[in-house]
Structures are given as C-alpha cells and as structure tokens.
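Asker: Please find coords_1.cif (mmCIF, C-alpha atoms, pLDDT in the B column; chains and numbers go by the auth columns) on the next line:
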data_start
loop_
_atom_site.group_PDB
_atom_site.id
_atom_site.type_symbol
_atom_site.label_atom_id
_atom_site.label_comp_id
_atom_site.label_asym_id
_atom_site.label_seq_id
_atom_site.Cartn_x
_atom_site.Cartn_y
_atom_site.Cartn_z
_atom_site.B_iso_or_equiv
_atom_site.auth_seq_id
_atom_site.auth_asym_id
ATOM 1 C CA MET A 1 -19.939 12.761 10.016 61.00 1 A
ATOM 2 C CA THR A 2 -16.657 14.495 9.299 73.00 2 A
ATOM 3 C CA ALA A 3 -15.534 16.050 6.059 87.00 3 A
ATOM 4 C CA ARG A 4 -13.939 13.768 3.514 93.00 4 A
ATOM 5 C CA THR A 5 -10.261 14.422 2.842 93.00 5 A
ATOM 6 C CA LEU A 6 -8.677 13.183 -0.379 94.00 6 A
ATOM 7 C CA ILE A 7 -4.937 12.517 -0.457 94.00 7 A
ATOM 8 C CA SER A 8 -2.938 12.246 -3.679 90.00 8 A
ATOM 9 C CA SER A 9 0.549 10.823 -4.088 84.00 9 A
ATOM 10 C CA GLY A 10 1.091 12.618 -7.372 80.00 10 A
ATOM 11 C CA SER A 11 0.974 9.334 -9.282 77.00 11 A
ATOM 12 C CA THR A 12 -0.136 9.780 -12.874 78.00 12 A
ATOM 13 C CA PHE A 13 -2.394 6.754 -12.385 79.00 13 A
ATOM 14 C CA GLU A 14 -4.638 8.624 -9.940 85.00 14 A
ATOM 15 C CA GLU A 15 -5.696 11.268 -12.425 86.00 15 A
ATOM 16 C CA ALA A 16 -5.817 8.880 -15.394 89.00 16 A
ATOM 17 C CA ILE A 17 -8.068 6.378 -13.588 90.00 17 A
ATOM 18 C CA GLY A 18 -9.909 8.746 -11.231 92.00 18 A
ATOM 19 C CA TYR A 19 -9.065 7.753 -7.652 93.00 19 A
ATOM 20 C CA SER A 20 -7.208 9.026 -4.590 92.00 20 A
ATOM 21 C CA ARG A 21 -4.179 7.439 -2.938 94.00 21 A
ATOM 22 C CA ALA A 22 -6.094 7.701 0.325 96.00 22 A
ATOM 23 C CA VAL A 23 -9.423 8.884 1.662 97.00 23 A
ATOM 24 C CA VAL A 24 -9.908 10.028 5.256 96.00 24 A
ATOM 25 C CA GLN A 25 -13.474 9.797 6.559 95.00 25 A
ATOM 26 C CA ASP A 26 -14.960 9.518 10.067 94.00 26 A
ATOM 27 C CA GLY A 27 -11.712 8.501 11.757 94.00 27 A
ATOM 28 C CA TRP A 28 -10.735 5.964 9.119 97.00 28 A
ATOM 29 C CA VAL A 29 -7.999 6.122 6.503 98.00 29 A
ATOM 30 C CA PHE A 30 -8.557 3.998 3.408 98.00 30 A
ATOM 31 C CA VAL A 31 -5.374 3.659 1.347 98.00 31 A
ATOM 32 C CA SER A 32 -5.788 2.471 -2.222 96.00 32 A
ATOM 33 C CA GLY A 33 -3.877 -0.497 -3.545 96.00 33 A
ATOM 34 C CA THR A 34 -0.334 0.828 -3.750 95.00 34 A
ATOM 35 C CA THR A 35 2.458 -0.566 -5.887 95.00 35 A
ATOM 36 C CA GLY A 36 6.215 -0.271 -5.710 96.00 36 A
ATOM 37 C CA PHE A 37 6.530 2.694 -8.050 93.00 37 A
ATOM 38 C CA ASP A 38 8.679 5.526 -6.802 92.00 38 A
ATOM 39 C CA TYR A 39 6.245 8.332 -7.630 84.00 39 A
ATOM 40 C CA ARG A 40 8.969 10.982 -7.707 87.00 40 A
ATOM 41 C CA THR A 41 10.701 9.244 -10.623 89.00 41 A
ATOM 42 C CA MET A 42 7.873 6.950 -11.834 87.00 42 A
ATOM 43 C CA THR A 43 10.333 4.041 -11.796 95.00 43 A
ATOM 44 C CA ILE A 44 9.907 0.579 -10.313 97.00 44 A
ATOM 45 C CA SER A 45 12.458 -2.008 -9.231 97.00 45 A
ATOM 46 C CA ASP A 46 12.471 -5.508 -10.724 97.00 46 A
ATOM 47 C CA ASP A 47 12.979 -6.995 -7.233 98.00 47 A
ATOM 48 C CA VAL A 48 9.774 -7.947 -5.397 98.00 48 A
ATOM 49 C CA THR A 49 11.188 -7.234 -1.936 98.00 49 A
ATOM 50 C CA GLU A 50 12.325 -3.779 -3.030 98.00 50 A
ATOM 51 C CA GLN A 51 8.855 -3.235 -4.486 98.00 51 A
ATOM 52 C CA ALA A 52 7.274 -4.276 -1.173 98.00 52 A
ATOM 53 C CA ALA A 53 9.496 -1.828 0.704 98.00 53 A
ATOM 54 C CA GLN A 54 8.582 0.968 -1.722 98.00 54 A
ATOM 55 C CA CYS A 55 4.868 0.090 -1.371 98.00 55 A
ATOM 56 C CA LEU A 56 5.214 0.564 2.381 98.00 56 A
ATOM 57 C CA ARG A 57 7.067 3.863 1.957 97.00 57 A
ATOM 58 C CA ASN A 58 4.302 5.096 -0.366 95.00 58 A
ATOM 59 C CA ILE A 59 1.615 3.922 2.061 97.00 59 A
ATOM 60 C CA GLY A 60 3.501 5.448 4.992 97.00 60 A
ATOM 61 C CA ASP A 61 3.627 8.801 3.176 96.00 61 A
ATOM 62 C CA ALA A 62 -0.137 8.721 2.557 96.00 62 A
ATOM 63 C CA LEU A 63 -0.853 7.726 6.155 97.00 63 A
ATOM 64 C CA ASP A 64 1.421 10.483 7.441 97.00 64 A
ATOM 65 C CA ARG A 65 -0.482 13.073 5.399 95.00 65 A
ATOM 66 C CA ALA A 66 -3.692 11.695 6.953 95.00 66 A
ATOM 67 C CA GLY A 67 -2.311 12.047 10.480 95.00 67 A
ATOM 68 C CA ALA A 68 -1.711 8.304 10.886 96.00 68 A
ATOM 69 C CA SER A 69 1.132 5.803 10.576 97.00 69 A
ATOM 70 C CA LEU A 70 1.716 2.132 9.828 97.00 70 A
ATOM 71 C CA ALA A 71 1.104 1.545 13.555 96.00 71 A
ATOM 72 C CA ASP A 72 -2.551 2.538 12.992 97.00 72 A
ATOM 73 C CA VAL A 73 -3.175 -0.098 10.282 98.00 73 A
ATOM 74 C CA VAL A 74 -5.961 -2.524 11.195 98.00 74 A
ATOM 75 C CA ARG A 75 -6.372 -4.292 7.832 98.00 75 A
ATOM 76 C CA VAL A 76 -3.932 -5.087 5.026 98.00 76 A
ATOM 77 C CA THR A 77 -4.422 -6.844 1.698 98.00 77 A
ATOM 78 C CA TYR A 78 -1.478 -8.099 -0.334 98.00 78 A
ATOM 79 C CA MET A 79 -1.976 -8.768 -4.050 98.00 79 A
ATOM 80 C CA LEU A 80 0.667 -10.589 -6.082 98.00 80 A
ATOM 81 C CA PRO A 81 0.618 -12.080 -9.576 98.00 81 A
ATOM 82 C CA ASP A 82 2.968 -14.853 -8.433 98.00 82 A
ATOM 83 C CA PRO A 83 2.080 -16.272 -5.000 98.00 83 A
ATOM 84 C CA ASP A 84 5.641 -17.638 -4.720 98.00 84 A
ATOM 85 C CA ASP A 85 6.817 -14.005 -4.439 98.00 85 A
ATOM 86 C CA PHE A 86 4.939 -13.532 -1.148 98.00 86 A
ATOM 87 C CA GLU A 87 7.274 -15.384 1.217 98.00 87 A
ATOM 88 C CA PRO A 88 10.403 -13.452 0.153 98.00 88 A
ATOM 89 C CA CYS A 89 8.526 -10.268 1.178 98.00 89 A
ATOM 90 C CA TRP A 90 7.754 -11.490 4.703 98.00 90 A
ATOM 91 C CA PRO A 91 10.804 -9.887 6.387 98.00 91 A
ATOM 92 C CA VAL A 92 9.879 -6.475 4.923 98.00 92 A
ATOM 93 C CA LEU A 93 6.221 -6.891 5.907 98.00 93 A
ATOM 94 C CA ARG A 94 7.105 -8.182 9.361 98.00 94 A
ATOM 95 C CA ALA A 95 9.319 -5.147 9.964 98.00 95 A
ATOM 96 C CA ALA A 96 6.350 -2.895 9.221 97.00 96 A
ATOM 97 C CA PHE A 97 3.548 -4.802 10.926 98.00 97 A
ATOM 98 C CA ALA A 98 4.901 -7.253 13.547 96.00 98 A
ATOM 99 C CA ARG A 99 3.900 -5.034 16.467 96.00 99 A
ATOM 100 C CA VAL A 100 0.406 -4.048 15.257 96.00 100 A
ATOM 101 C CA ARG A 101 -0.440 -7.364 13.574 97.00 101 A
ATOM 102 C CA PRO A 102 -3.332 -6.154 11.393 98.00 102 A
ATOM 103 C CA ALA A 103 -5.880 -8.529 9.927 98.00 103 A
ATOM 104 C CA ALA A 104 -4.426 -9.613 6.577 98.00 104 A
ATOM 105 C CA THR A 105 -5.225 -11.330 3.307 98.00 105 A
ATOM 106 C CA MET A 106 -3.013 -12.334 0.379 98.00 106 A
ATOM 107 C CA ILE A 107 -4.608 -12.605 -3.052 98.00 107 A
ATOM 108 C CA ALA A 108 -2.954 -14.008 -6.187 98.00 108 A
ATOM 109 C CA CYS A 109 -4.129 -11.960 -9.170 98.00 109 A
ATOM 110 C CA ARG A 110 -2.959 -10.073 -12.213 97.00 110 A
ATOM 111 C CA LEU A 111 -1.933 -6.473 -11.677 97.00 111 A
ATOM 112 C CA ALA A 112 -2.391 -3.546 -14.072 91.00 112 A
ATOM 113 C CA ASP A 113 1.228 -3.469 -15.269 94.00 113 A
ATOM 114 C CA PRO A 114 3.432 -6.567 -15.726 96.00 114 A
ATOM 115 C CA ARG A 115 6.311 -4.760 -13.969 97.00 115 A
ATOM 116 C CA MET A 116 4.239 -4.709 -10.770 97.00 116 A
ATOM 117 C CA ARG A 117 4.987 -7.733 -8.580 98.00 117 A
ATOM 118 C CA ILE A 118 3.098 -6.694 -5.431 98.00 118 A
ATOM 119 C CA GLU A 119 0.321 -4.288 -4.528 98.00 119 A
ATOM 120 C CA ILE A 120 -0.642 -3.479 -0.942 98.00 120 A
ATOM 121 C CA GLU A 121 -3.879 -1.908 0.328 98.00 121 A
ATOM 122 C CA VAL A 122 -4.451 -0.848 3.946 98.00 122 A
ATOM 123 C CA THR A 123 -7.118 0.521 6.214 98.00 123 A
ATOM 124 C CA ALA A 124 -6.084 2.470 9.312 98.00 124 A
ATOM 125 C CA LEU A 125 -8.000 3.788 12.278 97.00 125 A
ATOM 126 C CA LEU A 126 -7.038 7.233 13.501 93.00 126 A
ATOM 127 C CA CYS A 127 -6.455 7.054 17.229 77.00 127 A
ATOM 128 C CA ALA A 128 -7.977 9.735 19.423 50.00 128 A
ATOM 129 C CA ALA A 129 -5.331 12.054 20.790 43.00 129 A
#
What is this structure when it is put down as structure tokens?
Answerer:
Amino acid sequence: MTARTLISSGSTFEEAIGYSRAVVQDGWVFVSGTTGFDYRTMTISDDVTEQAAQCLRNIGDALDRAGASLADVVRVTYMLPDPDDFEPCWPVLRAAFARVRPAATMIACRLADPRMRIEIEVTALLCAA
C-alpha cells in the first residue's frame, strides 16, 4: 500500500466542506466532482459548454499534479441539473475523451450552487512507466 497523497485546487469549497480535489492511492487517482469555476478568480461562466471546458481544465490540472492526464481516465461521471444541457457539451467531452473512451455515466441532479450547470468526476489509473 502506497502513501496517500492529497491534492488541492485552492478552491474555497475544499476547506469549507472538508475534501480534496483529488486523492492518489495505490496507483489510482480519484478526482472529486469538479465544476466550471475558475479557481484563480472564483468566477463561473453562464454557458454550460464553457463550464464543461473549465471542468476539464480543472480536472486536468489535478491529474497533472498527480502524475496523470486525461488520457489515464478510466471512469467519468457527468452530473447536470438539466439533462438537456448534456448534448451541447458532447463536442467538448469528445475532444477530451474520444481516444480513451472511459466508462461513463450521466446523472441529472441538483448541484450545490444554482450557477453550476455541470459537474464532472473522474477516476484515473496511473500507468507504470
């Protein structure tokens, strides 16, 4: 069993709620549900496709800090308050995942903040070098 590594994005939500953006353990990277907030400015776009792109940038940053990338993602969960918002996001999601084609699920549910239109959670497997 390897040491657990906790990765923070600097989001104020992490400290307020008590979680990490990502946890690295035993060759796996578990990335928390990630929204379209730009954590540098704590702003969020009104556009769902822009939010999806920012989610992926945030996830990519966490994976990079864990020694992984979007190419290592084996599982992805999409959560949206409005299921009709999912299809407009497909081109952004396809650009990120078309080659690796992770197992995926889309869930329609409320999110913590009404400005949030999509939240994405991933699990990645660190490849042996």
Asker: Name the closest residue to Phe86 (chain A) among the candidates A:Ala124, A:Ala52, A:Ala112, A:Arg65; distances are taken between atoms, counting all atoms listed in the file.
Answerer: A:Ala52
Asker: Of the residues A:Val76, A:Ala68, A:Ala53, A:Ile120, which is the one nearest to Gly27 (chain A), using all atoms listed in the file?
Answerer: A:Ala68
Asker: Which polymer residues, whether protein, DNA or RNA, lie within 12 Å of the coordinate (6.7, -13.3, 5.5) when you count only C-alpha atoms? List them as a PyMOL selection string, using the chain letters and numbers from the file.
Answerer: chain A and resi 49+52+78+83-98+104+106
Asker: Select, from A:Ser20, A:Ser32, A:Ser8, A:Gln54, the residue with the minimum atom-to-atom distance to Arg117 (chain A), counting only C-alpha atoms.
Answerer: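 Distance minimum relative to Arg117 (chain A) lands on A:Gln54.
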Asker: Which centre and edge lengths in Å to one decimal define the box along x, y and z that fits every listed atom of region 66-72 of chain A plus 8 Å per side, as JSON?
Answerer:
{"center_x": -1.0, "center_y": 6.8, "center_z": 10.3, "size_x": 21.4, "size_y": 26.5, "size_z": 22.6}
Asker: Between A:Gly60, A:Pro102, A:Pro81, A:Gly10, which is the closest to Met42 (chain A) once you count all atoms listed in the file?
Answerer: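 Using all atoms listed in the file, Met42 (chain A) sits closest to A:Gly10.
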Asker: Extract region 84-95 of chain A from the preceding block and save all heavy atoms as a short mmCIF file (atom, residue, chain, number, x, y, z; two decimals), in the first residue's frame.
Answerer:
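selection.cif, freshly written:
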data_model
loop_
_atom_site.label_atom_id
_atom_site.label_comp_id
_atom_site.auth_asym_id
_atom_site.auth_seq_id
_atom_site.Cartn_x
_atom_site.Cartn_y
_atom_site.Cartn_z
N ASP A 84 -31.02 18.33 -20.57
CA ASP A 84 -30.96 18.88 -21.93
C ASP A 84 -29.64 19.63 -22.19
O ASP A 84 -29.29 19.89 -23.33
CB ASP A 84 -32.13 19.81 -22.19
CG ASP A 84 -33.46 19.06 -22.27
OD1 ASP A 84 -33.45 17.85 -22.58
OD2 ASP A 84 -34.50 19.69 -22.02
N ASP A 85 -28.92 19.97 -21.12
CA ASP A 85 -27.62 20.64 -21.27
C ASP A 85 -26.50 19.67 -21.63
O ASP A 85 -25.41 20.10 -21.99
CB ASP A 85 -27.23 21.35 -19.97
CG ASP A 85 -27.89 22.70 -19.79
OD1 ASP A 85 -28.45 23.23 -20.78
OD2 ASP A 85 -27.84 23.23 -18.66
N PHE A 86 -26.75 18.36 -21.53
CA PHE A 86 -25.68 17.39 -21.75
C PHE A 86 -25.22 17.36 -23.21
O PHE A 86 -24.03 17.46 -23.50
CB PHE A 86 -26.12 16.00 -21.28
CG PHE A 86 -25.01 14.99 -21.24
CD1 PHE A 86 -23.79 15.28 -20.67
CD2 PHE A 86 -25.21 13.72 -21.74
CE1 PHE A 86 -22.77 14.33 -20.61
CE2 PHE A 86 -24.21 12.76 -21.69
CZ PHE A 86 -22.98 13.07 -21.12
N GLU A 87 -26.16 17.24 -24.13
CA GLU A 87 -25.78 17.11 -25.54
C GLU A 87 -24.95 18.29 -26.06
O GLU A 87 -23.98 18.08 -26.79
CB GLU A 87 -27.00 16.88 -26.43
CG GLU A 87 -26.61 16.51 -27.84
CD GLU A 87 -27.78 16.04 -28.69
OE1 GLU A 87 -28.89 15.83 -28.16
OE2 GLU A 87 -27.57 15.88 -29.90
N PRO A 88 -25.26 19.54 -25.69
CA PRO A 88 -24.40 20.63 -26.15
C PRO A 88 -22.94 20.51 -25.68
O PRO A 88 -22.04 21.06 -26.32
CB PRO A 88 -25.05 21.89 -25.56
CG PRO A 88 -26.47 21.51 -25.37
CD PRO A 88 -26.46 20.05 -25.00
N CYS A 89 -22.71 19.76 -24.62
CA CYS A 89 -21.35 19.56 -24.09
C CYS A 89 -20.58 18.46 -24.82
O CYS A 89 -19.36 18.36 -24.67
CB CYS A 89 -21.41 19.22 -22.60
SG CYS A 89 -22.05 20.55 -21.57
N TRP A 90 -21.26 17.64 -25.58
CA TRP A 90 -20.61 16.48 -26.20
C TRP A 90 -19.35 16.83 -26.99
O TRP A 90 -18.35 16.10 -26.86
CB TRP A 90 -21.59 15.72 -27.08
CG TRP A 90 -22.66 14.99 -26.33
CD1 TRP A 90 -22.83 14.92 -24.97
CD2 TRP A 90 -23.72 14.22 -26.90
NE1 TRP A 90 -23.94 14.17 -24.67
CE2 TRP A 90 -24.50 13.73 -25.84
CE3 TRP A 90 -24.09 13.93 -28.20
CZ2 TRP A 90 -25.63 12.94 -26.04
CZ3 TRP A 90 -25.22 13.14 -28.40
CH2 TRP A 90 -25.97 12.64 -27.34
N PRO A 91 -19.32 17.89 -27.81
CA PRO A 91 -18.08 18.17 -28.54
C PRO A 91 -16.88 18.42 -27.61
O PRO A 91 -15.77 17.96 -27.88
CB PRO A 91 -18.41 19.41 -29.37
CG PRO A 91 -19.91 19.34 -29.54
CD PRO A 91 -20.42 18.77 -28.24
N VAL A 92 -17.11 19.12 -26.50
CA VAL A 92 -16.05 19.38 -25.53
C VAL A 92 -15.60 18.08 -24.88
O VAL A 92 -14.40 17.81 -24.74
CB VAL A 92 -16.54 20.39 -24.45
CG1 VAL A 92 -15.52 20.55 -23.34
CG2 VAL A 92 -16.87 21.72 -25.08
N LEU A 93 -16.55 17.24 -24.51
CA LEU A 93 -16.24 15.97 -23.85
C LEU A 93 -15.56 15.01 -24.81
O LEU A 93 -14.60 14.32 -24.45
CB LEU A 93 -17.52 15.36 -23.27
CG LEU A 93 -18.30 16.28 -22.32
CD1 LEU A 93 -19.60 15.63 -21.89
CD2 LEU A 93 -17.45 16.72 -21.14
N ARG A 94 -16.03 15.00 -26.04
CA ARG A 94 -15.44 14.13 -27.06
C ARG A 94 -13.99 14.52 -27.32
O ARG A 94 -13.11 13.66 -27.46
CB ARG A 94 -16.26 14.19 -28.35
CG ARG A 94 -15.79 13.23 -29.43
CD ARG A 94 -16.74 13.18 -30.64
NE ARG A 94 -17.19 14.48 -31.12
CZ ARG A 94 -18.44 14.96 -30.97
NH1 ARG A 94 -19.38 14.24 -30.38
NH2 ARG A 94 -18.77 16.14 -31.43
N ALA A 95 -13.71 15.82 -27.34
CA ALA A 95 -12.34 16.28 -27.56
C ALA A 95 -11.41 15.78 -26.45
O ALA A 95 -10.24 15.48 -26.70
CB ALA A 95 -12.30 17.81 -27.64
#
